[in-house]
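Each remark here refers to the structure printed beneath this line.
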Amino acid sequence: MTLDLLDYVNPLREKYGLKPLRASGQLDECLQKSLYQMDDYCQGIGNVYEHLSEVGLPNNSKIRQFTANNSCVSDYDEAYTELFTWLKNNASFGLSYGDNLINGLEDYTYLGVCFFHDDIVQERKDHMWNDPDNDEYESMPLYQCYVYVMK
């Protein structure tokens, strides 16, 4: 998903005279290694700085979350499409005021996306009864997507 998002964002950044963001396999790997069980209900990304040296990134790297979202659909391709479309539609709005992948974040060089199936949610869902009165069953997000930028 990192490369797909860069293919969308970078031509728009260049129109604003900004340097394109780049992919970093090390950043993507760092995000994957940072996955942890947040609680009994889902997975999330923990402290990315704990894994910098493991993946060959400098200890003084500056990494921060740009945005995150999830999908309740159970099909991988549908979830990917849904979340990628959401990312494209929201590339101008990050978690922090003023964050903007298209015409902002000039001091960042790399973009990383962690898109994953949440095994903890899946396990919970597998043990639930799916009936018409169980609203929680259909609203459980099976796929998570986190976007980070790095200097």
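Chain lettering (A, B, ...) mirrors the order of the structure tokens, residue numbering begins at 1 for each chain separately, and ligand numbering begins at 1 in order of display.
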Practice problem: Taking the chain letters and numbering used in this document, name the residues of chain A that DSSP puts in helix (DSSP H, G or I), as a ChimeraX atom specification. | Solution: /A:2-15,25-33,48-51,53-55,76-89,119-126,135-138
Output as a tab-separated table one row per residue of segment 37-120 of chain A within 9 Å of segment 19-22 of chain A: the closest atom pair and its distance in Å to one decimal place, counting only C-alpha atoms, sorted by chain and residue number ascending.
```
residue	atom	partner	partner_atom	distance
A:Leu101	CA	A:Leu21	CA	8.7
A:Glu106	CA	A:Lys19	CA	7.5
A:Tyr108	CA	A:Leu21	CA	7.4
A:Thr109	CA	A:Leu21	CA	5.2
A:Tyr110	CA	A:Arg22	CA	4.7
A:Leu111	CA	A:Arg22	CA	6.1
A:Gly112	CA	A:Arg22	CA	8.7
```
Self-check item: Non-local contacts of segment 91-94 of chain A (8 Å; only C-alpha atoms; under 3 positions in same chain excluded) as an MDAnalysis selection string
Solution: chainID A and resid 9 66:67 87:88 97:103
Practice problem: Using only C-alpha atoms, determine which residues lie at most 12 Å from Gly25 of chain A, disregarding the query and same-chain residues fewer than 2 positions distant; provide the list as a list in words. | Solution: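 The contact residues come out as Met1, Thr2, Leu3, Arg22, Ala23, Leu27, Asp28, Glu29, Cys30, Leu31, Gln32, Val55, Gly56, Leu57, Tyr110, Leu111, Gly112, Val113 and Cys114 of chain A.
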For those residues, write N, CA, C and O atoms to a file as a PDB file, in the first residue's frame.
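Below is the file that was written, selection.pdb:
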```
ATOM      1  N   MET A   1       0.827  -1.193   0.000  1.00  0.00           N
ATOM      2  CA  MET A   1       0.000   0.000   0.000  1.00  0.00           C
ATOM      3  C   MET A   1       0.873   1.260   0.000  1.00  0.00           C
ATOM      4  O   MET A   1       0.453   2.292  -0.481  1.00  0.00           O
ATOM      5  N   THR A   2       2.085   1.151   0.542  1.00  0.00           N
ATOM      6  CA  THR A   2       2.979   2.313   0.561  1.00  0.00           C
ATOM      7  C   THR A   2       3.209   2.834  -0.848  1.00  0.00           C
ATOM      8  O   THR A   2       3.068   4.037  -1.114  1.00  0.00           O
ATOM      9  N   LEU A   3       3.558   1.934  -1.764  1.00  0.00           N
ATOM     10  CA  LEU A   3       3.853   2.361  -3.137  1.00  0.00           C
ATOM     11  C   LEU A   3       2.615   2.918  -3.836  1.00  0.00           C
ATOM     12  O   LEU A   3       2.713   3.894  -4.588  1.00  0.00           O
ATOM     13  N   ARG A  22       9.418   9.264  -0.313  1.00  0.00           N
ATOM     14  CA  ARG A  22       9.997   8.016  -0.791  1.00  0.00           C
ATOM     15  C   ARG A  22       9.557   6.861   0.089  1.00  0.00           C
ATOM     16  O   ARG A  22       9.227   7.041   1.261  1.00  0.00           O
ATOM     17  N   ALA A  23       9.577   5.691  -0.496  1.00  0.00           N
ATOM     18  CA  ALA A  23       9.285   4.478   0.268  1.00  0.00           C
ATOM     19  C   ALA A  23      10.547   4.029   0.979  1.00  0.00           C
ATOM     20  O   ALA A  23      11.659   4.281   0.516  1.00  0.00           O
ATOM     21  N   LEU A  27      11.369   1.333   7.035  1.00  0.00           N
ATOM     22  CA  LEU A  27      10.277   1.943   7.798  1.00  0.00           C
ATOM     23  C   LEU A  27       9.081   0.999   7.834  1.00  0.00           C
ATOM     24  O   LEU A  27       8.484   0.773   8.895  1.00  0.00           O
ATOM     25  N   ASP A  28       8.719   0.423   6.697  1.00  0.00           N
ATOM     26  CA  ASP A  28       7.596  -0.520   6.666  1.00  0.00           C
ATOM     27  C   ASP A  28       7.858  -1.709   7.600  1.00  0.00           C
ATOM     28  O   ASP A  28       6.974  -2.149   8.332  1.00  0.00           O
ATOM     29  N   GLU A  29       9.086  -2.217   7.586  1.00  0.00           N
ATOM     30  CA  GLU A  29       9.436  -3.335   8.461  1.00  0.00           C
ATOM     31  C   GLU A  29       9.377  -2.924   9.931  1.00  0.00           C
ATOM     32  O   GLU A  29       8.911  -3.681  10.786  1.00  0.00           O
ATOM     33  N   CYS A  30       9.823  -1.715  10.227  1.00  0.00           N
ATOM     34  CA  CYS A  30       9.769  -1.202  11.591  1.00  0.00           C
ATOM     35  C   CYS A  30       8.319  -1.132  12.078  1.00  0.00           C
ATOM     36  O   CYS A  30       8.015  -1.503  13.220  1.00  0.00           O
ATOM     37  N   LEU A  31       7.424  -0.682  11.213  1.00  0.00           N
ATOM     38  CA  LEU A  31       6.004  -0.613  11.583  1.00  0.00           C
ATOM     39  C   LEU A  31       5.453  -2.010  11.843  1.00  0.00           C
ATOM     40  O   LEU A  31       4.735  -2.228  12.825  1.00  0.00           O
ATOM     41  N   GLN A  32       5.803  -2.973  10.989  1.00  0.00           N
ATOM     42  CA  GLN A  32       5.337  -4.353  11.168  1.00  0.00           C
ATOM     43  C   GLN A  32       5.837  -4.921  12.484  1.00  0.00           C
ATOM     44  O   GLN A  32       5.098  -5.585  13.208  1.00  0.00           O
ATOM     45  N   VAL A  55      16.026  -2.898  12.268  1.00  0.00           N
ATOM     46  CA  VAL A  55      15.759  -2.810  10.826  1.00  0.00           C
ATOM     47  C   VAL A  55      16.786  -1.947  10.100  1.00  0.00           C
ATOM     48  O   VAL A  55      16.653  -1.691   8.910  1.00  0.00           O
ATOM     49  N   GLY A  56      17.802  -1.486  10.825  1.00  0.00           N
ATOM     50  CA  GLY A  56      18.878  -0.735  10.196  1.00  0.00           C
ATOM     51  C   GLY A  56      18.620   0.750  10.034  1.00  0.00           C
ATOM     52  O   GLY A  56      19.261   1.403   9.213  1.00  0.00           O
ATOM     53  N   LEU A  57      17.695   1.299  10.799  1.00  0.00           N
ATOM     54  CA  LEU A  57      17.441   2.741  10.748  1.00  0.00           C
ATOM     55  C   LEU A  57      18.260   3.441  11.832  1.00  0.00           C
ATOM     56  O   LEU A  57      18.484   2.872  12.904  1.00  0.00           O
ATOM     57  N   TYR A 110      10.319  10.161   4.021  1.00  0.00           N
ATOM     58  CA  TYR A 110       9.803   8.811   3.798  1.00  0.00           C
ATOM     59  C   TYR A 110       8.362   8.671   4.279  1.00  0.00           C
ATOM     60  O   TYR A 110       7.935   9.333   5.217  1.00  0.00           O
ATOM     61  N   LEU A 111       7.667   7.761   3.615  1.00  0.00           N
ATOM     62  CA  LEU A 111       6.294   7.428   3.969  1.00  0.00           C
ATOM     63  C   LEU A 111       6.219   5.917   4.131  1.00  0.00           C
ATOM     64  O   LEU A 111       6.797   5.179   3.322  1.00  0.00           O
ATOM     65  N   GLY A 112       5.540   5.465   5.164  1.00  0.00           N
ATOM     66  CA  GLY A 112       5.352   4.039   5.372  1.00  0.00           C
ATOM     67  C   GLY A 112       3.914   3.740   5.732  1.00  0.00           C
ATOM     68  O   GLY A 112       3.276   4.497   6.465  1.00  0.00           O
ATOM     69  N   VAL A 113       3.401   2.648   5.191  1.00  0.00           N
ATOM     70  CA  VAL A 113       2.030   2.235   5.476  1.00  0.00           C
ATOM     71  C   VAL A 113       2.067   0.813   6.024  1.00  0.00           C
ATOM     72  O   VAL A 113       2.745  -0.056   5.481  1.00  0.00           O
ATOM     73  N   CYS A 114       1.358   0.605   7.098  1.00  0.00           N
ATOM     74  CA  CYS A 114       1.215  -0.733   7.671  1.00  0.00           C
ATOM     75  C   CYS A 114      -0.265  -1.112   7.554  1.00  0.00           C
ATOM     76  O   CYS A 114      -1.117  -0.553   8.239  1.00  0.00           O
TER      77      CYS A 114
END
```
Practice problem: Write out as number ranges by chain all residues of segment 15-74 of chain A that DSSP puts in strand (DSSP E or B) for this structure's backbone. | Solution: A: 22-23, 35-37, 43-45, 63-71
Write out the residues from the selection above, keeping N, CA and C atoms, as a CSV table (one decimal), in the first residue's frame.
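Below is the file that was written, again.csv:
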```csv
chain,number,residue,atom,x,y,z
A,22,ARG,N,9.4,9.3,-0.3
A,22,ARG,CA,10.0,8.0,-0.8
A,22,ARG,C,9.6,6.9,0.1
A,23,ALA,N,9.6,5.7,-0.5
A,23,ALA,CA,9.3,4.5,0.3
A,23,ALA,C,10.5,4.0,1.0
A,35,LEU,N,3.9,-3.9,15.7
A,35,LEU,CA,2.5,-4.4,16.0
A,35,LEU,C,2.5,-5.1,17.4
A,36,TYR,N,1.5,-4.8,18.1
A,36,TYR,CA,1.3,-5.5,19.4
A,36,TYR,C,-0.1,-5.6,19.8
A,37,GLN,N,-0.4,-6.4,20.7
A,37,GLN,CA,-1.8,-6.6,21.2
A,37,GLN,C,-2.1,-5.5,22.1
A,43,GLN,N,-5.3,-5.2,17.8
A,43,GLN,CA,-3.8,-4.9,17.6
A,43,GLN,C,-3.6,-3.5,17.2
A,44,GLY,N,-2.5,-3.0,17.5
A,44,GLY,CA,-2.1,-1.6,17.1
A,44,GLY,C,-0.6,-1.5,16.9
A,45,ILE,N,-0.1,-0.3,16.7
A,45,ILE,CA,1.3,-0.1,16.5
A,45,ILE,C,1.8,0.6,17.8
A,63,ILE,N,10.1,9.8,13.5
A,63,ILE,CA,9.0,9.1,12.9
A,63,ILE,C,7.7,9.5,13.7
A,64,ARG,N,6.7,9.8,12.9
A,64,ARG,CA,5.4,10.1,13.5
A,64,ARG,C,4.2,9.6,12.7
A,65,GLN,N,3.2,9.3,13.4
A,65,GLN,CA,2.0,8.8,12.7
A,65,GLN,C,1.3,10.0,12.0
A,66,PHE,N,0.9,9.7,10.7
A,66,PHE,CA,0.2,10.7,10.0
A,66,PHE,C,-1.3,10.4,10.2
A,67,THR,N,-1.8,9.2,10.0
A,67,THR,CA,-3.2,8.9,10.1
A,67,THR,C,-3.4,7.4,10.3
A,68,ALA,N,-4.6,7.0,10.6
A,68,ALA,CA,-4.9,5.6,10.8
A,68,ALA,C,-6.4,5.4,10.5
A,69,ASN,N,-6.8,4.2,10.1
A,69,ASN,CA,-8.2,3.9,9.8
A,69,ASN,C,-8.3,2.4,9.9
A,70,ASN,N,-9.6,1.9,9.8
A,70,ASN,CA,-9.8,0.5,9.8
A,70,ASN,C,-11.0,0.1,8.9
A,71,SER,N,-11.1,-1.1,8.6
A,71,SER,CA,-12.2,-1.6,7.8
A,71,SER,C,-12.9,-2.8,8.4
```
Quiz item: Hey, which of A:Trp86, A:Lys62, A:Lys33, A:Asp77 ends up closest to Glu50 of chain A? Count only C-alpha atoms.
Solution: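 Once distances to Glu50 of chain A are computed over only C-alpha atoms, the minimum belongs to A:Lys33.
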Quiz prompt | atom CA of Leu6 of chain A to atom CA of Thr81 of chain A, straight-line distance in Å | solution =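 Result for atom CA of Thr81 of chain A versus atom CA of Leu6 of chain A: 15.2 Å, one decimal.
Shell of segment 115-122 of chain A at 9 Å, with only C-alpha atoms counted and residues fewer than 2 places along the chain excluded, is A:Met1, A:Gln32, A:Gln37, A:Asp40, A:Tyr41, A:Cys42, A:Gln43, A:Gly44, A:Tyr76, A:Tyr80, A:Leu83, A:Val113, A:Arg124, A:Lys125, A:Asp126, A:His127, A:Met140, A:Pro141, A:Leu142, A:Tyr143, A:Gln144, A:Cys145, A:Tyr146, A:Val147.
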Exercise. For atom CA of Met150 of chain A and atom CA of Met38 of chain A, quote the distance in Å rounded to one decimal.
Key: 23.1 Å
